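The structure appears right after this line, and notes come after that.
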Amino acid sequence: MAEFTIDQSGKWEENGDTVIGVSGTKNLALMVRARTKQNVTSFLRKFDQEKNRSKNAMQVRMFAYSIFIALRNYLREGDAITIDLEYEGQDQRIGGILISLFEKKENVFLKASDLRFERIGKQSLAHAIGLQTLRSKRKPDKTATFDDYFELMDKTAHIMQKSFDKRKKK
């Protein structure tokens, strides 16, 4: 069983780049360039307004998508993920999105108990990886593209509903 710790440097809603720092069994950094964030946000703005979603809901969703993009090639069933409390009160939403995406896109079945949300702190290796990458002192292991997000957009609500319906029947 692998363990991963996630920390975000530079929030999605802030100007500038965002980095998802990952430590544990695999140490890595996912860079999301400011331009990519702008393109994704512009694309989603109309969709989110039509669906009556808040700006905060979009930011939370993009955070969950970013975690998925960072971990999709490494996470396996039974692995544990500790996620920094970037968006307090949104743990269930972030967890639901991740569970749904890993099941649908990677055929990895996570349980809510595989996910923990807690303060990571500045002493965390995930924090150091994210901050060093954001400050250009470490190269990112992957730079997210618009296409990485586009693959996941607009499908999450449908995926989540199917996933939760299946779990209710069990």
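So you can find residues: chains in the structure tokens are A, B, ... in the order shown, residues in each start at 1, and ligands are numbered from 1 in order.
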
For segment 144-147 of chain A: contacts at 9 Å, only C-alpha atoms, fewer than 2 positions along chain excluded, given as a ChimeraX atom specification: /A:30-33,36-37,39-40,66,69-70,142,149-152

Those same residues - N, CA and C atoms - I'd like them written as a PDB file, in the first residue's frame.
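Written output follows (again16.pdb):
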```pdb
ATOM      1  N   LEU A  30       3.160  18.746 -10.084  1.00  0.00           N
ATOM      2  CA  LEU A  30       2.351  19.054 -11.258  1.00  0.00           C
ATOM      3  C   LEU A  30       2.246  20.570 -11.350  1.00  0.00           C
ATOM      4  N   MET A  31       2.752  21.118 -12.449  1.00  0.00           N
ATOM      5  CA  MET A  31       2.677  22.559 -12.691  1.00  0.00           C
ATOM      6  C   MET A  31       1.428  22.868 -13.515  1.00  0.00           C
ATOM      7  N   VAL A  32       0.666  23.853 -13.072  1.00  0.00           N
ATOM      8  CA  VAL A  32      -0.464  24.362 -13.848  1.00  0.00           C
ATOM      9  C   VAL A  32      -0.145  25.825 -14.125  1.00  0.00           C
ATOM     10  N   ARG A  33       0.226  26.106 -15.345  1.00  0.00           N
ATOM     11  CA  ARG A  33       0.604  27.464 -15.734  1.00  0.00           C
ATOM     12  C   ARG A  33      -0.604  28.405 -15.671  1.00  0.00           C
ATOM     13  N   THR A  36      -2.867  28.281 -18.670  1.00  0.00           N
ATOM     14  CA  THR A  36      -3.752  27.113 -18.681  1.00  0.00           C
ATOM     15  C   THR A  36      -4.944  27.359 -17.771  1.00  0.00           C
ATOM     16  N   LYS A  37      -4.693  27.905 -16.579  1.00  0.00           N
ATOM     17  CA  LYS A  37      -5.778  28.212 -15.646  1.00  0.00           C
ATOM     18  C   LYS A  37      -6.759  29.203 -16.265  1.00  0.00           C
ATOM     19  N   ASN A  39      -7.342  29.734 -19.479  1.00  0.00           N
ATOM     20  CA  ASN A  39      -8.089  29.082 -20.564  1.00  0.00           C
ATOM     21  C   ASN A  39      -9.180  28.166 -20.026  1.00  0.00           C
ATOM     22  N   VAL A  40      -8.840  27.379 -19.010  1.00  0.00           N
ATOM     23  CA  VAL A  40      -9.816  26.463 -18.412  1.00  0.00           C
ATOM     24  C   VAL A  40     -10.938  27.266 -17.750  1.00  0.00           C
ATOM     25  N   SER A  66      -6.855  18.590 -10.543  1.00  0.00           N
ATOM     26  CA  SER A  66      -5.388  18.696 -10.523  1.00  0.00           C
ATOM     27  C   SER A  66      -4.766  17.547  -9.738  1.00  0.00           C
ATOM     28  N   ILE A  69      -4.983  14.502 -11.969  1.00  0.00           N
ATOM     29  CA  ILE A  69      -3.982  14.558 -13.044  1.00  0.00           C
ATOM     30  C   ILE A  69      -2.597  14.212 -12.493  1.00  0.00           C
ATOM     31  N   ALA A  70      -2.279  14.711 -11.308  1.00  0.00           N
ATOM     32  CA  ALA A  70      -0.970  14.441 -10.704  1.00  0.00           C
ATOM     33  C   ALA A  70      -0.795  12.965 -10.352  1.00  0.00           C
ATOM     34  N   LYS A 142       5.487  17.175 -14.352  1.00  0.00           N
ATOM     35  CA  LYS A 142       4.483  17.253 -15.418  1.00  0.00           C
ATOM     36  C   LYS A 142       3.909  18.658 -15.397  1.00  0.00           C
ATOM     37  N   TYR A 149      -7.435  18.894 -18.565  1.00  0.00           N
ATOM     38  CA  TYR A 149      -8.660  19.305 -17.875  1.00  0.00           C
ATOM     39  C   TYR A 149      -9.888  19.061 -18.740  1.00  0.00           C
ATOM     40  N   PHE A 150      -9.762  19.332 -20.029  1.00  0.00           N
ATOM     41  CA  PHE A 150     -10.894  19.169 -20.931  1.00  0.00           C
ATOM     42  C   PHE A 150     -11.411  17.733 -20.914  1.00  0.00           C
ATOM     43  N   GLU A 151     -10.503  16.782 -20.832  1.00  0.00           N
ATOM     44  CA  GLU A 151     -10.887  15.366 -20.757  1.00  0.00           C
ATOM     45  C   GLU A 151     -11.806  15.094 -19.569  1.00  0.00           C
ATOM     46  N   LEU A 152     -11.649  15.862 -18.498  1.00  0.00           N
ATOM     47  CA  LEU A 152     -12.388  15.629 -17.265  1.00  0.00           C
ATOM     48  C   LEU A 152     -13.614  16.533 -17.120  1.00  0.00           C
TER      49      LEU A 152
END
```

Those of segment 32-170 of chain A in DSSP strand (DSSP E or B), formatted as a PyMOL selection string: chain A and resi 32+80-84+115-118+142-143

List as CSV every residue of segment 44-153 of chain A that is in contact with segment 18-25 of chain A, defined as an atom at most 6 Å from one of its atoms (using only C-alpha atoms), together with the nearest atom pair and the distance in Å rounded to one decimal, sorted by chain and then rising number.
```
residue,atom,partner,partner_atom,distance
A:Leu125,CA,A:Ser23,CA,5.9
A:Ala126,CA,A:Ser23,CA,4.7
A:Ile129,CA,A:Gly21,CA,5.3
A:Gly130,CA,A:Gly21,CA,4.1
```

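Across the model, the gap from atom CA of Gln38 of chain A to atom CA of Ser124 of chain A is 28.8 Å.
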
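Here atom CA of Asp17 of chain A and atom CA of Thr5 of chain A stand 20.1 Å from one another.
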
Alpha helix (DSSP H) per DSSP on the backbone: members of segment 63-115 of chain A, as number ranges by chain: A: 63-71, 91-106

Could you please take those selected residues and save C-alpha atoms as a PDB file, in the first residue's frame?
```pdb
ATOM      1  CA  PHE A  63      -8.259  21.410  -7.327  1.00  0.00           C
ATOM      2  CA  ALA A  64      -9.679  17.864  -7.369  1.00  0.00           C
ATOM      3  CA  TYR A  65      -8.986  17.557 -11.113  1.00  0.00           C
ATOM      4  CA  SER A  66      -5.388  18.696 -10.523  1.00  0.00           C
ATOM      5  CA  ILE A  67      -4.877  16.044  -7.839  1.00  0.00           C
ATOM      6  CA  PHE A  68      -6.276  13.427 -10.216  1.00  0.00           C
ATOM      7  CA  ILE A  69      -3.982  14.558 -13.044  1.00  0.00           C
ATOM      8  CA  ALA A  70      -0.970  14.441 -10.704  1.00  0.00           C
ATOM      9  CA  LEU A  71      -1.739  10.963  -9.322  1.00  0.00           C
ATOM     10  CA  ASP A  91     -13.654  17.474   1.840  1.00  0.00           C
ATOM     11  CA  GLN A  92     -16.643  15.375   0.784  1.00  0.00           C
ATOM     12  CA  ARG A  93     -16.920  17.142  -2.543  1.00  0.00           C
ATOM     13  CA  ILE A  94     -13.210  16.781  -3.347  1.00  0.00           C
ATOM     14  CA  GLY A  95     -13.246  13.161  -2.172  1.00  0.00           C
ATOM     15  CA  GLY A  96     -16.336  12.356  -4.226  1.00  0.00           C
ATOM     16  CA  ILE A  97     -14.799  13.810  -7.368  1.00  0.00           C
ATOM     17  CA  LEU A  98     -11.551  11.871  -6.841  1.00  0.00           C
ATOM     18  CA  ILE A  99     -13.329   8.584  -6.090  1.00  0.00           C
ATOM     19  CA  SER A 100     -15.467   9.009  -9.196  1.00  0.00           C
ATOM     20  CA  LEU A 101     -12.642   9.979 -11.528  1.00  0.00           C
ATOM     21  CA  PHE A 102     -10.285   7.210 -10.427  1.00  0.00           C
ATOM     22  CA  GLU A 103     -13.048   4.647 -10.814  1.00  0.00           C
ATOM     23  CA  LYS A 104     -14.172   5.838 -14.238  1.00  0.00           C
ATOM     24  CA  LYS A 105     -10.870   6.876 -15.798  1.00  0.00           C
ATOM     25  CA  GLU A 106      -8.347   4.491 -14.220  1.00  0.00           C
TER      26      GLU A 106
END
```

For atom CA of Ala112 of chain A and atom CA of Asn56 of chain A, the interatomic separation in Å (one decimal): 22.3 Å

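Proximity ranking of A:Arg72, A:Arg61, A:Arg119, A:Arg35 relative to Gly16 of chain A places A:Arg35 first, based on only C-alpha atoms.
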
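The residue that comes closest to Leu131 of chain A, out of A:Met62, A:Ala29, A:Ala34, A:Met1 and on the basis of only C-alpha atoms, is A:Ala29.
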
Shortest interatomic distance to Asn27 of chain A - which of A:Phe117, A:Phe4, A:Phe109, A:Tyr87, counting only C-alpha atoms: A:Phe4

Mind checking which residues fall within 9 Å of Met58 of chain A, counting only C-alpha atoms, ignoring those fewer than 3 positions away in the same chain, and posting them as a PDB file with N, CA and C atoms, in the first residue's frame?
```
ATOM      1  N   THR A  41     -10.569  28.288 -17.002  1.00  0.00           N
ATOM      2  CA  THR A  41     -11.563  29.110 -16.313  1.00  0.00           C
ATOM      3  C   THR A  41     -12.492  29.791 -17.310  1.00  0.00           C
ATOM      4  N   LEU A  44     -14.914  27.275 -18.722  1.00  0.00           N
ATOM      5  CA  LEU A  44     -15.911  26.813 -17.757  1.00  0.00           C
ATOM      6  C   LEU A  44     -16.876  27.895 -17.297  1.00  0.00           C
ATOM      7  N   ARG A  45     -16.480  29.155 -17.424  1.00  0.00           N
ATOM      8  CA  ARG A  45     -17.306  30.237 -16.890  1.00  0.00           C
ATOM      9  C   ARG A  45     -18.747  30.162 -17.370  1.00  0.00           C
ATOM     10  N   ASP A  48     -20.468  26.951 -15.975  1.00  0.00           N
ATOM     11  CA  ASP A  48     -20.781  27.048 -14.549  1.00  0.00           C
ATOM     12  C   ASP A  48     -21.930  28.006 -14.278  1.00  0.00           C
ATOM     13  N   ARG A  53     -23.604  27.110 -10.809  1.00  0.00           N
ATOM     14  CA  ARG A  53     -22.540  26.751  -9.874  1.00  0.00           C
ATOM     15  C   ARG A  53     -21.773  28.002  -9.464  1.00  0.00           C
ATOM     16  N   SER A  54     -21.265  28.005  -8.272  1.00  0.00           N
ATOM     17  CA  SER A  54     -20.513  29.151  -7.790  1.00  0.00           C
ATOM     18  C   SER A  54     -19.066  29.090  -8.283  1.00  0.00           C
ATOM     19  N   LYS A  55     -18.422  30.244  -8.196  1.00  0.00           N
ATOM     20  CA  LYS A  55     -17.004  30.335  -8.565  1.00  0.00           C
ATOM     21  C   LYS A  55     -16.184  29.416  -7.657  1.00  0.00           C
ATOM     22  N   ARG A  61     -13.453  22.082  -7.750  1.00  0.00           N
ATOM     23  CA  ARG A  61     -13.430  21.038  -8.775  1.00  0.00           C
ATOM     24  C   ARG A  61     -12.076  21.013  -9.490  1.00  0.00           C
ATOM     25  N   MET A  62     -11.533  22.182  -9.803  1.00  0.00           N
ATOM     26  CA  MET A  62     -10.238  22.239 -10.490  1.00  0.00           C
ATOM     27  C   MET A  62      -9.114  21.727  -9.588  1.00  0.00           C
ATOM     28  N   PHE A  63      -9.228  21.960  -8.279  1.00  0.00           N
ATOM     29  CA  PHE A  63      -8.259  21.410  -7.327  1.00  0.00           C
ATOM     30  C   PHE A  63      -8.315  19.886  -7.359  1.00  0.00           C
TER      31      PHE A  63
END
```

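Minimum distance to Asp114 of chain A across A:Arg76, A:Lys11, A:Lys26, A:Lys137 (counting only C-alpha atoms) occurs at A:Arg76.
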
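Of the listed residues (A:Val60, A:Ala2, A:Leu75, A:Leu115), A:Val60 comes nearest to Gln90 of chain A; the distances count only C-alpha atoms.
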
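The closest residue to His127 of chain A, picked from A:Ala57, A:Ala80, A:Leu28, A:Met153 and counting only C-alpha atoms, is A:Leu28.
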